[in-house]
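A short write-up of the structure that comes next.
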Amino acid sequence: MQEKLIAGLTSSYGSLFGQQYLKWLRIPPSYLRVMQSIDYRGGMYAAQKIKANQQIMLISTEKCFTSVEFVGCDTRKSQELQTIASQIAHKICGEKVEQQYLVTGLLKIIMQIFVHQKDQSLTNSPFANMIQSPNTPLLWPQTVIDLISSRNLANLIEGTLLQCQSMYNELQLSKVYGLTALDFLKLFQAVRSQLICFNPQKPKYFDMQSVQIVSPLVYQFQHSFDPNCYLDGCYLSHENMSFVDFTAKKLIEPGDKLTINYGNLSNHDLLMRHGIIVDDNPFNEMPIDLDFTSAINFTEQLFEQKQKWLRQSEITNIERQILYNNKINVQLLQYLRIYFLTEQEFSINPHLEFNSFLSKISEENEMLVKQFMIQHIKNTLSSYKQISKPIGKELQDLYKIQKDEMTILQNNLTFFSK
């Protein structure tokens with residue numbers, strides 16, 4: 001079954017690197033174990049019926065790049081690079097320990113892939129040379145960037161590029177040479193898109209016990225919010241080997257595309273990480289910036305009491321809130337009802353508690369909330385540029401993202417207008 005899969009991949013990998021990769025995939029069955037018949041046609045397809053919970057494929061972590069160890073390095077060099085990655089992560093992330101751990105693993109994998117791309121004698125060099133960056137906004141040409149009217153997308157691009165540039169600069173200061181800034185950006189994007197963060201019990205879930213892995217063939221499984229496969233990790237104690245495990249989540253019929261869930265992410269995140277957009281994405285959301293300058297007089301009324309209530313809220317940044325596509329942000333509504341509460345209303349109902357604001361306080365209060373949000377939504381909608389007849393993937397993706405945002409704004413405008 002391994003040979004059948006490789007035969008299907010052959011037509012897609014015609015380059016020299018592709019042929020080397022195919023040869024490398026013909027590794028002993030102990031490292032790549034294909035249990036089900038799979039066709040490759042620009043994606044993975046079942047060639048036979050696969051029952052729920054049947055294993056489809058196992059890939060040894062020895063054929064992967066992981067955050068646990070440096071493949072192809074001696075102990076001394078491995079420790080040196082580990083120290084560099086940890087120091088850079090600490091400098092960039094500060095005291096955010098979980099973020100430090102994630103960035104450390106990311107840098108370790110980037111450095112491994114770069115070394116294996118340059119040295120063809122290393123074990124996983126054929127795999128390293130096949131790792132490509134998806135077409136995400138980080139690599140869009142300036143002509144497309146100039147057309148962005150989505151403030152959220154522009155901020156995501158700018159923030160991610162600044163983070164990437166900071167990592168690259170720190171690598172240079174640490175005397176890790178050979179990488180250009182563009183090389184690092186492409187590797188950063190490629191690794192980020194293909195990274196699996198899972199522990200054996202919770203695939204694709206990151207915590208401090210997670211192992212970060214870039215594995216062959218994972219990216220051939222396309223994304224779905226209702227996937228028919230899932231990723232797991234398994235350890236075979238009798239062989240002393242760890243594997244990335246592809247297992248059927250439900251019954252798969254012959255000819256069905258094999259899919260996994262890249263994450264329950266909005267289209268902004270899917271585009272930034274993987275270069276894809278999902279139609280009618282149920283997880284779409286967007287931030288909106290709120291300016292309270294014109295309503296400053298409400299800040300002074302009942303200031304201490306309002307602060308006491310708001311300390312019970314999960315909202316940390318009052319001037320940037322989230323709008324959802326198919327539901328109202330209840331916390332935002334609760335916060336605004338508190339903010340626009342007047343002394344007169346409180347005197348009428350002095351027993352109000354934090355949870356009281358989950359419901360309407362008064363007609364006057366509700367009208368203030370409504371007018372405030374309608375004005376901000378309309379102002380945001382008016383900032384979008386129209387992209388006529390988008391040609392090419394970048395413009396089409398930009399058009400779809402901005403259309404998603406305008407839909408979210410229109411849906412919330414309808415809600416607050418009622």
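By convention in this document, the chains of the structure tokens carry letters A, B, ... by their order, each chain's residues are numbered from 1, and ligands are numbered from 1 in the order they are shown.
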- Message: What's around A:Phe17 at 10 Å? Count only C-alpha atoms, leave out sequence neighbours fewer than 6 positions away in its own chain, and write the answer as a ChimeraX atom specification.
- Response: /A:23,125-130
- Can you list, as a count of residues only, every residue of stretch 86-314 of chain A that DSSP puts in strand (DSSP E or B)? 36
- Note on the structure: The distance between atom CA of A:Leu413 and atom CA of A:Gln334 is 17.1 Å
- Message: Just to confirm, what's the straight-line distance from atom CA of A:Tyr324 to atom CA of A:Phe298 in Å (one decimal)?
- Response: 26.1 Å
- Query: What is the distance, in Å and to one decimal place, between atom CA of A:His274 and atom CA of A:Ile391?
  - Reply: 20.1 Å
- Query: Which is closest to A:Gly42 among A:Ile109, A:Leu187, A:Ile318, A:Gln220, if we use only C-alpha atoms?
  - Reply: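 Closest residue, counting only C-alpha atoms: A:Gln220.
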A:Asn284 environment, 7 Å, only C-alpha atoms, sequence neighbours closer than 6 positions dropped, as an mmCIF file with C-alpha atoms, in the first residue's frame:
data_model
loop_
_atom_site.group_PDB
_atom_site.id
_atom_site.type_symbol
_atom_site.label_atom_id
_atom_site.label_comp_id
_atom_site.auth_asym_id
_atom_site.auth_seq_id
_atom_site.Cartn_x
_atom_site.Cartn_y
_atom_site.Cartn_z
ATOM 1 C CA SER A 266 -11.663 32.170 11.434
ATOM 2 C CA ASN A 267 -10.801 32.828 7.794
ATOM 3 C CA TYR A 324 -19.145 37.477 15.669
ATOM 4 C CA ASN A 325 -20.737 36.414 12.421
#
- helix (DSSP H, G or I) positions in stretch 112-290 of chain A, given as a VMD selection string: chain A and resid 112 to 118 125 to 128 137 to 139 142 to 145 151 to 173 181 to 194 218 to 220 267 to 274
Residues just named, written with C-alpha atoms as a compact mmCIF listing (two decimals), in the first residue's frame:
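Written output follows (selection29.txt):
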# COMPACT_ATOMS: atom_id res chain seq x y z
CA GLN A 112 16.81 22.09 11.47
CA ILE A 113 15.00 22.42 8.14
CA PHE A 114 17.39 25.13 6.95
CA VAL A 115 20.45 22.98 7.74
CA HIS A 116 18.91 19.94 6.02
CA GLN A 117 18.07 22.02 2.94
CA LYS A 118 21.71 23.11 2.65
CA SER A 125 17.29 16.49 3.50
CA PRO A 126 14.82 15.22 0.81
CA PHE A 127 11.88 16.04 3.09
CA ALA A 128 13.33 19.47 4.04
CA PRO A 137 -0.58 37.53 3.02
CA LEU A 138 2.95 37.56 4.46
CA LEU A 139 4.23 36.92 0.93
CA GLN A 142 2.98 45.24 -2.51
CA THR A 143 0.43 45.90 -5.26
CA VAL A 144 -2.05 43.68 -3.38
CA ILE A 145 -1.06 44.99 0.07
CA ARG A 151 -7.74 47.20 9.23
CA ASN A 152 -7.76 43.84 10.97
CA LEU A 153 -5.93 42.04 8.14
CA ALA A 154 -3.43 44.89 7.81
CA ASN A 155 -2.69 44.70 11.55
CA LEU A 156 -2.28 40.91 11.41
CA ILE A 157 0.20 41.17 8.54
CA GLU A 158 2.17 43.98 10.15
CA GLY A 159 2.29 42.31 13.58
CA THR A 160 3.36 38.92 12.21
CA LEU A 161 6.04 40.46 9.99
CA LEU A 162 7.42 42.44 12.94
CA GLN A 163 7.55 39.28 15.06
CA CYS A 164 9.27 37.41 12.23
CA GLN A 165 11.78 40.24 11.71
CA SER A 166 12.54 40.31 15.46
CA MET A 167 13.32 36.58 15.45
CA TYR A 168 15.53 36.94 12.40
CA ASN A 169 17.44 39.88 13.89
CA GLU A 170 18.05 37.94 17.10
CA LEU A 171 19.35 34.96 15.12
CA GLN A 172 21.82 37.26 13.40
CA LEU A 173 22.94 38.69 16.74
CA ALA A 181 15.58 37.66 5.80
CA LEU A 182 13.41 36.38 2.93
CA ASP A 183 14.59 32.78 3.46
CA PHE A 184 13.68 33.04 7.12
CA LEU A 185 10.25 34.53 6.35
CA LYS A 186 9.46 31.67 3.95
CA LEU A 187 10.64 29.04 6.44
CA PHE A 188 8.74 30.75 9.26
CA GLN A 189 5.55 30.64 7.19
CA ALA A 190 6.14 27.09 5.94
CA VAL A 191 6.78 25.68 9.42
CA ARG A 192 3.92 27.62 10.98
CA SER A 193 1.51 26.26 8.37
CA GLN A 194 2.59 22.63 8.74
CA VAL A 218 0.36 15.74 6.72
CA TYR A 219 -0.28 18.65 4.37
CA GLN A 220 -1.64 16.29 1.71
CA ASN A 267 -10.80 32.83 7.79
CA HIS A 268 -8.33 35.49 8.94
CA ASP A 269 -6.33 32.85 10.82
CA LEU A 270 -6.71 30.17 8.14
CA LEU A 271 -5.48 32.60 5.49
CA MET A 272 -2.56 33.87 7.59
CA ARG A 273 -1.39 30.38 8.59
CA HIS A 274 -2.41 28.12 5.71
Hey, could you make a per-residue contact list for stretch 43-161 of chain A against stretch 222-237 of chain A with 12 Å as the cut-off, showing the nearest pair of atoms and its distance in Å to one decimal, counting only C-alpha atoms, sorted by chain and number, as a Markdown table?
| residue | atom | partner | partner_atom | distance |
| --- | --- | --- | --- | --- |
| A:Gly43 | CA | A:Gln222 | CA | 6.8 |
| A:Met44 | CA | A:Gln222 | CA | 7.8 |
| A:Tyr45 | CA | A:Gln222 | CA | 10.2 |
| A:Ala46 | CA | A:Asn228 | CA | 10.7 |
| A:Ile50 | CA | A:Asn228 | CA | 10.0 |
| A:Lys51 | CA | A:Asn228 | CA | 10.3 |
| A:Ala52 | CA | A:Asn228 | CA | 8.6 |
| A:Asn53 | CA | A:Cys229 | CA | 8.8 |
| A:Gln54 | CA | A:Cys229 | CA | 9.6 |
| A:Gln55 | CA | A:Cys229 | CA | 9.4 |
| A:Ile56 | CA | A:Cys229 | CA | 8.7 |
| A:Met57 | CA | A:Leu231 | CA | 9.9 |
| A:Leu58 | CA | A:Cys234 | CA | 8.9 |
| A:Ile59 | CA | A:Gly233 | CA | 9.7 |
| A:Ser60 | CA | A:Cys234 | CA | 9.6 |
| A:Thr61 | CA | A:Gly233 | CA | 9.4 |
I need the chosen residues saved as a PDB file, in the first residue's frame, with C-alpha atoms.
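What follows is the written file part37.pdb:
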ATOM      1  CA  GLY A  43      -5.044  15.320  -2.246  1.00  0.00           C
ATOM      2  CA  MET A  44      -5.547  12.066  -0.376  1.00  0.00           C
ATOM      3  CA  TYR A  45      -8.531   9.903  -1.379  1.00  0.00           C
ATOM      4  CA  ALA A  46      -9.751   6.568  -0.037  1.00  0.00           C
ATOM      5  CA  ILE A  50     -12.321   2.586   5.651  1.00  0.00           C
ATOM      6  CA  LYS A  51     -14.192   1.937   8.888  1.00  0.00           C
ATOM      7  CA  ALA A  52     -14.323   4.374  11.783  1.00  0.00           C
ATOM      8  CA  ASN A  53     -11.313   4.154  14.134  1.00  0.00           C
ATOM      9  CA  GLN A  54      -9.218   2.199  11.622  1.00  0.00           C
ATOM     10  CA  GLN A  55      -5.628   3.364  11.373  1.00  0.00           C
ATOM     11  CA  ILE A  56      -4.780   4.751   7.935  1.00  0.00           C
ATOM     12  CA  MET A  57      -1.105   5.570   8.218  1.00  0.00           C
ATOM     13  CA  LEU A  58       1.746   5.757  10.731  1.00  0.00           C
ATOM     14  CA  ILE A  59       4.823   7.962  10.204  1.00  0.00           C
ATOM     15  CA  SER A  60       7.799   7.575  12.514  1.00  0.00           C
ATOM     16  CA  THR A  61       8.844  10.778  14.289  1.00  0.00           C
TER      17      THR A  61
END
- Between A:Phe70, A:Phe221, A:Met367, A:Ala248, single out the one closest to A:Lys49, counting only C-alpha atoms. A:Ala248
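For A:Ile315, the set of protein, DNA and RNA residues having any atom at most 10 Å away, when counting only C-alpha atoms and skipping those fewer than 4 positions along the same chain, is Leu310, Arg311, Glu319, Arg320, Gln321, Gln331, Leu332 and Tyr335 of chain A.
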Selected residues written out, N, CA, C and O atoms, as an mmCIF file, in the first residue's frame:
data_model
loop_
_atom_site.group_PDB
_atom_site.id
_atom_site.type_symbol
_atom_site.label_atom_id
_atom_site.label_comp_id
_atom_site.auth_asym_id
_atom_site.auth_seq_id
_atom_site.Cartn_x
_atom_site.Cartn_y
_atom_site.Cartn_z
ATOM 1 N N LEU A 310 -17.150 46.068 36.302
ATOM 2 C CA LEU A 310 -16.326 45.715 35.145
ATOM 3 C C LEU A 310 -15.146 44.830 35.521
ATOM 4 O O LEU A 310 -14.619 44.106 34.677
ATOM 5 N N ARG A 311 -14.728 44.891 36.779
ATOM 6 C CA ARG A 311 -13.648 43.998 37.217
ATOM 7 C C ARG A 311 -14.093 42.539 37.182
ATOM 8 O O ARG A 311 -13.266 41.626 37.185
ATOM 9 N N GLU A 319 -11.503 49.258 24.227
ATOM 10 C CA GLU A 319 -11.559 49.975 22.958
ATOM 11 C C GLU A 319 -11.438 49.058 21.746
ATOM 12 O O GLU A 319 -11.536 49.514 20.613
ATOM 13 N N ARG A 320 -11.198 47.781 21.973
ATOM 14 C CA ARG A 320 -11.160 46.813 20.873
ATOM 15 C C ARG A 320 -11.984 45.607 21.268
ATOM 16 O O ARG A 320 -11.633 44.876 22.187
ATOM 17 N N GLN A 321 -13.093 45.421 20.570
ATOM 18 C CA GLN A 321 -14.019 44.344 20.895
ATOM 19 C C GLN A 321 -14.204 43.421 19.687
ATOM 20 O O GLN A 321 -13.851 43.778 18.563
ATOM 21 N N GLN A 331 -20.837 39.634 26.018
ATOM 22 C CA GLN A 331 -19.981 40.392 26.933
ATOM 23 C C GLN A 331 -19.889 41.856 26.522
ATOM 24 O O GLN A 331 -19.883 42.755 27.373
ATOM 25 N N LEU A 332 -19.812 42.107 25.215
ATOM 26 C CA LEU A 332 -19.778 43.489 24.728
ATOM 27 C C LEU A 332 -21.079 44.203 25.080
ATOM 28 O O LEU A 332 -21.069 45.347 25.561
ATOM 29 N N TYR A 335 -21.131 44.933 28.736
ATOM 30 C CA TYR A 335 -20.222 46.027 29.065
ATOM 31 C C TYR A 335 -20.830 47.387 28.698
ATOM 32 O O TYR A 335 -20.773 48.342 29.495
#
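Closest approach to A:Glu239 from the set A:Ser30, A:Phe303, A:Lys308, A:Thr83 is made by A:Ser30, with distances taken over only C-alpha atoms.
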- Skipping near chain neighbours, those fewer than 6 positions away, what residues fall within 9 Å of A:Leu107 using only C-alpha atoms, listed as a list in words?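 After dropping sequence-adjacent residues, the list is Ser67, Ala85, Ser86, Ile88, Ala89, Met167 and Phe188 of chain A.
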Store the residues picked out above, limited to N, CA and C atoms, as a PDB file, in the first residue's frame.
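Final output, saved to selection22.pdb:
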ATOM      1  N   SER A  67      10.390  19.482  17.930  1.00  0.00           N
ATOM      2  CA  SER A  67      10.960  20.441  18.882  1.00  0.00           C
ATOM      3  C   SER A  67      11.716  19.740  20.003  1.00  0.00           C
ATOM      4  N   ALA A  85      17.737  29.314  20.786  1.00  0.00           N
ATOM      5  CA  ALA A  85      16.288  29.371  20.562  1.00  0.00           C
ATOM      6  C   ALA A  85      15.555  29.807  21.831  1.00  0.00           C
ATOM      7  N   SER A  86      15.965  29.278  22.977  1.00  0.00           N
ATOM      8  CA  SER A  86      15.311  29.619  24.246  1.00  0.00           C
ATOM      9  C   SER A  86      15.530  31.088  24.605  1.00  0.00           C
ATOM     10  N   ILE A  88      16.167  33.619  22.561  1.00  0.00           N
ATOM     11  CA  ILE A  88      15.409  34.477  21.641  1.00  0.00           C
ATOM     12  C   ILE A  88      13.930  34.486  22.018  1.00  0.00           C
ATOM     13  N   ALA A  89      13.397  33.305  22.327  1.00  0.00           N
ATOM     14  CA  ALA A  89      11.979  33.210  22.709  1.00  0.00           C
ATOM     15  C   ALA A  89      11.699  34.017  23.968  1.00  0.00           C
ATOM     16  N   MET A 167      12.666  37.884  15.315  1.00  0.00           N
ATOM     17  CA  MET A 167      13.321  36.576  15.445  1.00  0.00           C
ATOM     18  C   MET A 167      14.560  36.508  14.564  1.00  0.00           C
ATOM     19  N   PHE A 188       9.649  30.436   8.154  1.00  0.00           N
ATOM     20  CA  PHE A 188       8.736  30.747   9.255  1.00  0.00           C
ATOM     21  C   PHE A 188       7.298  30.426   8.853  1.00  0.00           C
TER      22      PHE A 188
END
- Task: Name the closest residue to A:Ile408 among the candidates A:Gln20, A:Asn240, A:Ser362, A:Asn326; distances are taken between atoms, counting only C-alpha atoms.
- Result: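 So, comparing all the options, the nearest one is A:Asn326.
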- Query: Pick the closest to A:Pro134 from A:Ile27, A:Leu265, A:Val68, A:Ile276: which is it, counting only C-alpha atoms?
  - Reply: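 The closest residue to A:Pro134 is A:Ile276.
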- Write out as a PyMOL selection string which residues come within 12 Å of A:Phe372 when counting only C-alpha atoms, dropping same-chain ones fewer than 6 positions away. chain A and resi 290-295+333+336-337+339-340+365-366+378-379+413+416-417
- Message: Just want the 12 Å neighbourhood of A:Ser347, counted on only C-alpha atoms, with same-chain residues fewer than 5 positions away dropped. Output as an MDAnalysis selection string.
- Response: chainID A and resid 301:302 341:342 352
- Restricting the calculation to only C-alpha atoms, which member of A:Asp39, A:Glu364, A:Glu95, A:Asp397 is positioned closest to A:Ile277?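 Distance minimum relative to A:Ile277 lands on A:Asp397.
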